[in-house]
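Structure file coords.pdb; described as PDB, C-alpha atoms and all ligand atoms.
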```
ATOM      1  CA  MET S 937       0.000   0.000   0.000  1.00  0.00           C
ATOM      2  CA  ALA S 938       1.343   3.432  -0.939  1.00  0.00           C
ATOM      3  CA  ALA S 939       2.269   5.747   1.889  1.00  0.00           C
ATOM      4  CA  PRO S 940      -0.560   8.166   2.671  1.00  0.00           C
ATOM      5  CA  LYS S 941      -0.139  11.661   1.240  1.00  0.00           C
ATOM      6  CA  PRO S 942      -0.807  15.002   2.930  1.00  0.00           C
ATOM      7  CA  ILE S 943      -4.477  15.953   2.547  1.00  0.00           C
ATOM      8  CA  ARG S 944      -3.489  19.074   0.589  1.00  0.00           C
ATOM      9  CA  ARG S 945      -2.439  16.756  -2.253  1.00  0.00           C
ATOM     10  CA  ALA S 946      -6.082  15.670  -2.631  1.00  0.00           C
ATOM     11  CA  TRP S 947      -7.075  19.137  -3.824  1.00  0.00           C
ATOM     12  CA  LYS S 948      -6.775  18.753  -7.589  1.00  0.00           C
ATOM     13  CA  PHE S 949      -9.384  21.334  -8.527  1.00  0.00           C
ATOM     14  CA  CYS S 950     -10.417  24.645  -7.060  1.00  0.00           C
ATOM     15  CA  PRO S 951     -13.542  23.935  -4.950  1.00  0.00           C
ATOM     16  CA  ARG S 952     -14.894  27.400  -5.821  1.00  0.00           C
ATOM     17  CA  CYS S 953     -14.509  27.619  -9.607  1.00  0.00           C
ATOM     18  CA  GLY S 954     -13.383  24.123 -10.615  1.00  0.00           C
ATOM     19  CA  THR S 955     -10.132  25.129 -12.302  1.00  0.00           C
ATOM     20  CA  ALA S 956      -7.556  22.292 -12.344  1.00  0.00           C
ATOM     21  CA  VAL S 957      -4.561  22.867 -10.052  1.00  0.00           C
ATOM     22  CA  ALA S 958      -1.204  23.017 -11.854  1.00  0.00           C
ATOM     23  CA  ARG S 959       0.711  21.604  -8.884  1.00  0.00           C
ATOM     24  CA  THR S 960      -1.020  20.097  -5.861  1.00  0.00           C
ATOM     25  CA  GLY S 961       0.331  20.153  -2.313  1.00  0.00           C
ATOM     26  CA  ARG S 962       0.892  23.846  -1.712  1.00  0.00           C
ATOM     27  CA  ASN S 963      -0.161  25.346   1.601  1.00  0.00           C
ATOM     28  CA  PRO S 964      -2.104  27.543   1.427  1.00  0.00           C
ATOM     29  CA  PHE S 965      -4.064  26.420  -1.602  1.00  0.00           C
ATOM     30  CA  ARG S 966      -4.472  29.383  -3.940  1.00  0.00           C
ATOM     31  CA  CYS S 967      -6.494  29.381  -7.137  1.00  0.00           C
ATOM     32  CA  GLY S 968      -4.824  31.446  -9.862  1.00  0.00           C
ATOM     33  CA  ALA S 969      -8.112  31.699 -11.774  1.00  0.00           C
ATOM     34  CA  CYS S 970     -10.514  33.033  -9.115  1.00  0.00           C
ATOM     35  CA  GLY S 971      -8.296  33.949  -6.149  1.00  0.00           C
ATOM     36  CA  PHE S 972      -9.866  31.491  -3.722  1.00  0.00           C
ATOM     37  CA  SER S 973      -7.465  30.393  -0.976  1.00  0.00           C
ATOM     38  CA  HIS S 974      -7.494  27.817   1.802  1.00  0.00           C
ATOM     39  CA  TYR S 975      -5.057  27.043   4.616  1.00  0.00           C
ATOM     40  CA  PHE S 976      -4.528  23.397   5.524  1.00  0.00           C
ATOM     41  CA  ALA S 977      -4.303  24.013   9.263  1.00  0.00           C
ATOM     42  CA  PRO S 978      -4.553  21.147  11.769  1.00  0.00           C
ATOM     43  CA  VAL S 979      -7.911  20.176  13.230  1.00  0.00           C
ATOM     44  CA  ALA S 980      -8.305  19.879  17.013  1.00  0.00           C
ATOM     45  CA  ALA S 981      -8.799  16.635  18.905  1.00  0.00           C
ATOM     46  CA  VAL S 982      -8.909  15.647  22.579  1.00  0.00           C
ATOM     47  CA  GLY S 983      -7.384  12.723  24.432  1.00  0.00           C
ATOM     48  CA  SER S 984      -8.030  11.575  28.020  1.00  0.00           C
ATOM     49  CA  ILE S 985      -5.715   9.991  30.494  1.00  0.00           C
ATOM     50  CA  LEU S 986      -8.269   8.325  32.682  1.00  0.00           C
ATOM     51  CA  THR S 987      -7.136   6.542  35.810  1.00  0.00           C
ATOM     52  CA  ASP S 988      -8.870   4.236  38.263  1.00  0.00           C
ATOM     53  CA  SER S 989      -8.636   4.526  42.056  1.00  0.00           C
ATOM     54  CA  ALA S 990      -5.379   2.533  42.026  1.00  0.00           C
ATOM     55  CA  GLY S 991      -3.818   5.001  39.565  1.00  0.00           C
ATOM     56  CA  GLN S 992      -3.895   2.605  36.621  1.00  0.00           C
ATOM     57  CA  VAL S 993      -4.441   4.154  33.197  1.00  0.00           C
ATOM     58  CA  LEU S 994      -7.274   3.133  30.867  1.00  0.00           C
ATOM     59  CA  LEU S 995      -6.119   2.007  27.413  1.00  0.00           C
ATOM     60  CA  LEU S 996      -8.721   1.248  24.749  1.00  0.00           C
ATOM     61  CA  VAL S 997      -8.293  -1.377  22.030  1.00  0.00           C
ATOM     62  CA  ARG S 998      -9.203   0.269  18.738  1.00  0.00           C
ATOM     63  CA  ALA S 999     -11.836  -1.489  16.612  1.00  0.00           C
ATOM     64  CA  LYS S1000     -11.076   0.385  13.405  1.00  0.00           C
ATOM     65  CA  ASP S1001      -8.274   1.841  11.369  1.00  0.00           C
ATOM     66  CA  PRO S1002      -6.222   3.890  11.734  1.00  0.00           C
ATOM     67  CA  GLY S1003      -4.514   1.729  14.347  1.00  0.00           C
ATOM     68  CA  LYS S1004      -7.006  -1.158  14.424  1.00  0.00           C
ATOM     69  CA  GLY S1005      -6.070  -3.557  17.260  1.00  0.00           C
ATOM     70  CA  LEU S1006      -3.642  -1.079  18.793  1.00  0.00           C
ATOM     71  CA  TYR S1007      -4.165   0.957  21.957  1.00  0.00           C
ATOM     72  CA  GLY S1008      -5.683   4.400  22.092  1.00  0.00           C
ATOM     73  CA  LEU S1009      -6.854   6.866  24.692  1.00  0.00           C
ATOM     74  CA  PRO S1010     -10.519   7.908  24.977  1.00  0.00           C
ATOM     75  CA  GLY S1011     -11.044  10.962  22.789  1.00  0.00           C
ATOM     76  CA  GLY S1012     -11.701  12.198  19.306  1.00  0.00           C
ATOM     77  CA  PHE S1013     -12.160  15.207  17.072  1.00  0.00           C
ATOM     78  CA  VAL S1014     -13.586  18.485  18.337  1.00  0.00           C
ATOM     79  CA  ASP S1015     -16.808  19.468  16.558  1.00  0.00           C
ATOM     80  CA  ALA S1016     -17.321  22.950  15.098  1.00  0.00           C
ATOM     81  CA  GLY S1017     -18.937  25.236  17.680  1.00  0.00           C
ATOM     82  CA  GLU S1018     -17.801  23.088  20.582  1.00  0.00           C
ATOM     83  CA  THR S1019     -15.209  23.902  23.261  1.00  0.00           C
ATOM     84  CA  ILE S1020     -12.282  21.548  23.817  1.00  0.00           C
ATOM     85  CA  GLU S1021     -13.756  20.727  27.246  1.00  0.00           C
ATOM     86  CA  GLN S1022     -17.184  19.928  25.773  1.00  0.00           C
ATOM     87  CA  ALA S1023     -15.532  17.660  23.224  1.00  0.00           C
ATOM     88  CA  LEU S1024     -13.699  15.869  26.022  1.00  0.00           C
ATOM     89  CA  ARG S1025     -16.919  15.197  27.982  1.00  0.00           C
ATOM     90  CA  ARG S1026     -18.819  14.197  24.843  1.00  0.00           C
ATOM     91  CA  GLU S1027     -16.148  11.819  23.553  1.00  0.00           C
ATOM     92  CA  VAL S1028     -15.727  10.026  26.899  1.00  0.00           C
ATOM     93  CA  LEU S1029     -19.509   9.601  27.088  1.00  0.00           C
ATOM     94  CA  GLU S1030     -19.911   8.508  23.456  1.00  0.00           C
ATOM     95  CA  GLU S1031     -17.001   6.108  23.473  1.00  0.00           C
ATOM     96  CA  ILE S1032     -17.219   4.391  26.865  1.00  0.00           C
ATOM     97  CA  GLY S1033     -20.436   5.690  28.458  1.00  0.00           C
ATOM     98  CA  LEU S1034     -18.802   7.508  31.385  1.00  0.00           C
ATOM     99  CA  GLN S1035     -19.458  10.962  32.872  1.00  0.00           C
ATOM    100  CA  VAL S1036     -16.425  13.186  33.341  1.00  0.00           C
ATOM    101  CA  ARG S1037     -16.260  14.553  36.897  1.00  0.00           C
ATOM    102  CA  SER S1038     -13.140  16.684  36.572  1.00  0.00           C
ATOM    103  CA  HIS S1039     -10.251  17.251  34.222  1.00  0.00           C
ATOM    104  CA  HIS S1040      -6.994  19.136  34.105  1.00  0.00           C
ATOM    105  CA  TYR S1041      -4.816  20.054  31.174  1.00  0.00           C
ATOM    106  CA  LEU S1042      -1.737  17.907  30.592  1.00  0.00           C
ATOM    107  CA  ALA S1043      -0.157  18.876  27.248  1.00  0.00           C
ATOM    108  CA  SER S1044      -0.716  19.053  23.512  1.00  0.00           C
ATOM    109  CA  PHE S1045       1.094  17.203  20.756  1.00  0.00           C
ATOM    110  CA  PRO S1046       0.828  17.307  16.970  1.00  0.00           C
ATOM    111  CA  ASN S1047      -0.614  14.178  15.423  1.00  0.00           C
ATOM    112  CA  GLU S1048      -1.363  12.796  11.979  1.00  0.00           C
ATOM    113  CA  TYR S1049      -4.538  10.972  11.130  1.00  0.00           C
ATOM    114  CA  ALA S1050      -4.085   8.692   8.121  1.00  0.00           C
ATOM    115  CA  TRP S1051      -7.306   7.766   6.377  1.00  0.00           C
ATOM    116  CA  ASN S1052      -8.192   6.657   2.837  1.00  0.00           C
ATOM    117  CA  GLY S1053      -4.714   7.360   1.504  1.00  0.00           C
ATOM    118  CA  PHE S1054      -4.408  10.862   2.930  1.00  0.00           C
ATOM    119  CA  VAL S1055      -3.031  12.296   6.151  1.00  0.00           C
ATOM    120  CA  LEU S1056      -4.856  14.972   8.102  1.00  0.00           C
ATOM    121  CA  PRO S1057      -2.760  17.177  10.417  1.00  0.00           C
ATOM    122  CA  VAL S1058      -4.211  17.190  13.939  1.00  0.00           C
ATOM    123  CA  THR S1059      -3.465  18.986  17.200  1.00  0.00           C
ATOM    124  CA  ASP S1060      -4.179  16.608  20.073  1.00  0.00           C
ATOM    125  CA  VAL S1061      -4.983  18.224  23.418  1.00  0.00           C
ATOM    126  CA  PHE S1062      -4.593  15.908  26.411  1.00  0.00           C
ATOM    127  CA  PHE S1063      -6.282  16.036  29.793  1.00  0.00           C
ATOM    128  CA  VAL S1064      -6.005  13.977  32.942  1.00  0.00           C
ATOM    129  CA  VAL S1065      -9.596  12.994  33.620  1.00  0.00           C
ATOM    130  CA  GLU S1066     -11.556  11.740  36.596  1.00  0.00           C
ATOM    131  CA  VAL S1067     -14.924  10.085  35.965  1.00  0.00           C
ATOM    132  CA  GLU S1068     -17.939   9.807  38.280  1.00  0.00           C
ATOM    133  CA  SER S1069     -17.750   6.012  38.273  1.00  0.00           C
ATOM    134  CA  PHE S1070     -16.535   3.128  36.125  1.00  0.00           C
ATOM    135  CA  ALA S1071     -19.672   1.112  36.921  1.00  0.00           C
ATOM    136  CA  ASP S1072     -21.403   1.870  33.599  1.00  0.00           C
ATOM    137  CA  MET S1073     -18.347   1.513  31.415  1.00  0.00           C
ATOM    138  CA  ARG S1074     -19.119  -0.074  28.057  1.00  0.00           C
ATOM    139  CA  ALA S1075     -18.135   0.155  24.397  1.00  0.00           C
ATOM    140  CA  VAL S1076     -20.873   2.504  23.187  1.00  0.00           C
ATOM    141  CA  ASP S1077     -20.243   3.509  19.598  1.00  0.00           C
ATOM    142  CA  GLY S1078     -18.353   0.515  18.214  1.00  0.00           C
ATOM    143  CA  GLU S1079     -15.011   2.328  18.153  1.00  0.00           C
ATOM    144  CA  ILE S1080     -13.358  -0.130  20.554  1.00  0.00           C
ATOM    145  CA  THR S1081     -13.229  -3.894  21.059  1.00  0.00           C
ATOM    146  CA  GLY S1082     -11.961  -3.875  24.642  1.00  0.00           C
ATOM    147  CA  TRP S1083      -9.844  -2.112  27.218  1.00  0.00           C
ATOM    148  CA  LYS S1084      -7.166  -2.552  29.801  1.00  0.00           C
ATOM    149  CA  PHE S1085      -6.197  -0.769  33.017  1.00  0.00           C
ATOM    150  CA  CYS S1086      -2.462  -0.745  33.633  1.00  0.00           C
ATOM    151  CA  ARG S1087       0.569   1.289  34.465  1.00  0.00           C
ATOM    152  CA  PRO S1088       1.776   1.378  30.825  1.00  0.00           C
ATOM    153  CA  GLY S1089       5.262  -0.002  30.221  1.00  0.00           C
ATOM    154  CA  ARG S1090       7.317  -0.334  27.068  1.00  0.00           C
ATOM    155  CA  ARG S1091       5.071  -3.131  25.799  1.00  0.00           C
ATOM    156  CA  GLU S1092       1.944  -0.998  25.897  1.00  0.00           C
ATOM    157  CA  LEU S1093       3.692   2.199  24.772  1.00  0.00           C
ATOM    158  CA  ASN S1094       4.996   0.389  21.673  1.00  0.00           C
ATOM    159  CA  ARG S1095       1.436  -0.592  20.811  1.00  0.00           C
ATOM    160  CA  MET S1096      -0.123   2.876  20.909  1.00  0.00           C
ATOM    161  CA  ALA S1097      -1.900   3.743  17.644  1.00  0.00           C
ATOM    162  CA  PHE S1098      -0.624   7.335  17.699  1.00  0.00           C
ATOM    163  CA  LEU S1099       2.724   8.799  18.682  1.00  0.00           C
ATOM    164  CA  SER S1100       0.965  11.793  20.291  1.00  0.00           C
ATOM    165  CA  ASN S1101      -0.866   9.408  22.681  1.00  0.00           C
ATOM    166  CA  ARG S1102       2.403   7.756  23.585  1.00  0.00           C
ATOM    167  CA  LEU S1103       4.095  11.094  24.267  1.00  0.00           C
ATOM    168  CA  ALA S1104       1.192  12.204  26.485  1.00  0.00           C
ATOM    169  CA  LEU S1105       1.321   8.928  28.411  1.00  0.00           C
ATOM    170  CA  GLU S1106       5.077   9.139  28.848  1.00  0.00           C
ATOM    171  CA  LEU S1107       4.741  12.674  30.188  1.00  0.00           C
ATOM    172  CA  TYR S1108       1.987  11.599  32.579  1.00  0.00           C
ATOM    173  CA  LEU S1109       3.979   8.579  33.788  1.00  0.00           C
ATOM    174  CA  GLN S1110       7.021  10.764  34.335  1.00  0.00           C
ATOM    175  CA  GLN S1111       4.969  13.291  36.329  1.00  0.00           C
ATOM    176  CA  THR S1112       3.355  10.621  38.502  1.00  0.00           C
ATOM    177  CA  ARG S1113       6.349   8.350  39.019  1.00  0.00           C
ATOM    178  CA  ALA S1114       6.781   7.333  42.655  1.00  0.00           C
ATOM    179  CA  LYS S1115       9.516   9.494  44.134  1.00  0.00           C
TER     180      LYS S1115
HETATM  181 ZN    ZN P1201     -10.921  29.030  -8.341  1.00  0.00          ZN
END
```
Would you encode the structure as structure tokens?
Amino acid sequence: MAAPKPIRRAWKFCPRCGTAVARTGRNPFRCGACGFSHYFAPVAAVGSILTDSAGQVLLLVRAKDPGKGLYGLPGGFVDAGETIEQALRREVLEEIGLQVRSHHYLASFPNEYAWNGFVLPVTDVFFVVEVESFADMRAVDGEITGWKFCRPGRRELNRMAFLSNRLALELYLQQTRAK
């Protein structure tokens, strides 16, 4: 399978006037015929580091590509008109059926989301999250096939679907390491 290309390479015609692009891949996209322009800026996404009462981190097993069968953190893309915090609460609820009680900012990392042959630039924003209870936890929207609570080690970190998730976990583990 060919390596996925940056999403800007998919723009072969001006979406405003339909003129064919002489050379794809430029950022910003600029149409010489009508002047239309578009910046391929990253989209925002959230990720949660969710721990149980023993301080073990929740890793989800991804049901779908990208990263099918690998580990991910609860989260997803921010919708238009939504705050990052609203997206965090919504994604945790939609994905595993849990209510966020509190959250605090951890860090952000750039990410790339490869899909259908193209790569979308993403800015992942990570939070350390506490939930009301794990009692109702379930795979809600079919995005996961299972989960695991653990103190992630090399084995788990090597099986993260996204580098950004791994970097966030490593930062969290470093910050919470027993002194
Ligand atoms: Zn145009």
So which residues get picked by the PyMOL selection byres (((chain S and resi 970) around 9) and not hetatm) here, written as a ChimeraX atom specification?
/S:950,952-953,955,966-969,971-972
Work out how far apart CA of Val1036 (chain S) and CA of Leu994 (chain S) are and give it in Å to one decimal.
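Spanning CA of Val1036 (chain S) to CA of Leu994 (chain S) is a straight-line distance of 13.8 Å.
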Would you write out, as an NGL selection string, every residue that the PyMOL selection byres (((chain S and resi 1089-1103) around 6) and not hetatm) captures in this file?
:S and (1003 or 1006-1008 or 1045 or 1047 or 1088 or 1104-1106)
To verify the selection step, state as a PDB file with C-alpha atoms, in the frame of the given file which residues the PyMOL selection byres (((chain S and resi 1032) around 12) and not hetatm) yields on this input.
```pdb
ATOM      1  CA  SER S 984      -8.030  11.575  28.020  1.00  0.00           C
ATOM      2  CA  LEU S 986      -8.269   8.325  32.682  1.00  0.00           C
ATOM      3  CA  LEU S 994      -7.274   3.133  30.867  1.00  0.00           C
ATOM      4  CA  LEU S 995      -6.119   2.007  27.413  1.00  0.00           C
ATOM      5  CA  LEU S 996      -8.721   1.248  24.749  1.00  0.00           C
ATOM      6  CA  VAL S 997      -8.293  -1.377  22.030  1.00  0.00           C
ATOM      7  CA  LEU S1009      -6.854   6.866  24.692  1.00  0.00           C
ATOM      8  CA  PRO S1010     -10.519   7.908  24.977  1.00  0.00           C
ATOM      9  CA  GLY S1011     -11.044  10.962  22.789  1.00  0.00           C
ATOM     10  CA  ARG S1025     -16.919  15.197  27.982  1.00  0.00           C
ATOM     11  CA  ARG S1026     -18.819  14.197  24.843  1.00  0.00           C
ATOM     12  CA  GLU S1027     -16.148  11.819  23.553  1.00  0.00           C
ATOM     13  CA  VAL S1028     -15.727  10.026  26.899  1.00  0.00           C
ATOM     14  CA  LEU S1029     -19.509   9.601  27.088  1.00  0.00           C
ATOM     15  CA  GLU S1030     -19.911   8.508  23.456  1.00  0.00           C
ATOM     16  CA  GLU S1031     -17.001   6.108  23.473  1.00  0.00           C
ATOM     17  CA  GLY S1033     -20.436   5.690  28.458  1.00  0.00           C
ATOM     18  CA  LEU S1034     -18.802   7.508  31.385  1.00  0.00           C
ATOM     19  CA  GLN S1035     -19.458  10.962  32.872  1.00  0.00           C
ATOM     20  CA  VAL S1036     -16.425  13.186  33.341  1.00  0.00           C
ATOM     21  CA  VAL S1067     -14.924  10.085  35.965  1.00  0.00           C
ATOM     22  CA  SER S1069     -17.750   6.012  38.273  1.00  0.00           C
ATOM     23  CA  PHE S1070     -16.535   3.128  36.125  1.00  0.00           C
ATOM     24  CA  ALA S1071     -19.672   1.112  36.921  1.00  0.00           C
ATOM     25  CA  ASP S1072     -21.403   1.870  33.599  1.00  0.00           C
ATOM     26  CA  MET S1073     -18.347   1.513  31.415  1.00  0.00           C
ATOM     27  CA  ARG S1074     -19.119  -0.074  28.057  1.00  0.00           C
ATOM     28  CA  ALA S1075     -18.135   0.155  24.397  1.00  0.00           C
ATOM     29  CA  VAL S1076     -20.873   2.504  23.187  1.00  0.00           C
ATOM     30  CA  ASP S1077     -20.243   3.509  19.598  1.00  0.00           C
ATOM     31  CA  GLY S1078     -18.353   0.515  18.214  1.00  0.00           C
ATOM     32  CA  GLU S1079     -15.011   2.328  18.153  1.00  0.00           C
ATOM     33  CA  ILE S1080     -13.358  -0.130  20.554  1.00  0.00           C
ATOM     34  CA  THR S1081     -13.229  -3.894  21.059  1.00  0.00           C
ATOM     35  CA  GLY S1082     -11.961  -3.875  24.642  1.00  0.00           C
ATOM     36  CA  TRP S1083      -9.844  -2.112  27.218  1.00  0.00           C
TER      37      TRP S1083
END
```
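Pairwise distance (CA of Asn1052 (chain S), CA of Arg998 (chain S)) equals 17.2 Å.
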Determine the nearest neighbour of Pro940 (chain S) from the options S:Phe1085, S:Tyr975, S:Phe1054, S:Tyr1108, counting all atoms listed in the file.
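With all atoms listed in the file as the atom set, the closest residue is S:Phe1054.
CA of Thr1019 (chain S) is positioned 18.3 Å from CA of Ile985 (chain S).
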Within 10 Å of region 956-965 of chain S, counting all atoms listed in the file, which residues show up once you throw out same-chain ones fewer than 5 positions away? Write them as a VMD selection string, please.
chain S and resid 941 to 951 971 to 977
With only C-alpha atoms and all ligand atoms as the basis for distance, which of S:Gly954, S:Glu1048, S:Lys1084, S:Leu1024 is at the shortest distance from ligand ZN 1201 (chain P)?
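Comparing S:Gly954, S:Glu1048, S:Lys1084, S:Leu1024 against ligand ZN 1201 (chain P), the winner is S:Gly954.
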Looking at S:Ala1043, S:Gly983, S:Ala1023, S:Trp1051, which one is nearest to Val1065 (chain S), with distances taken over all atoms listed in the file?
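The closest residue to Val1065 (chain S) is S:Gly983.
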Among the residues S:Phe1063, S:Gly1053, S:Ala1016, S:Leu1107, the one that comes closest to Val979 (chain S) [using all atoms listed in the file]:
S:Ala1016
Box centre and edge lengths (Å, one decimal), axis-aligned, region 1017-1027 of chain S plus 8 Å each side, as AutoDock Vina command-line options:
```
--center_x -15.6 --center_y 18.5 --center_z 22.8 --size_x 22.7 --size_y 29.4 --size_z 26.3
```
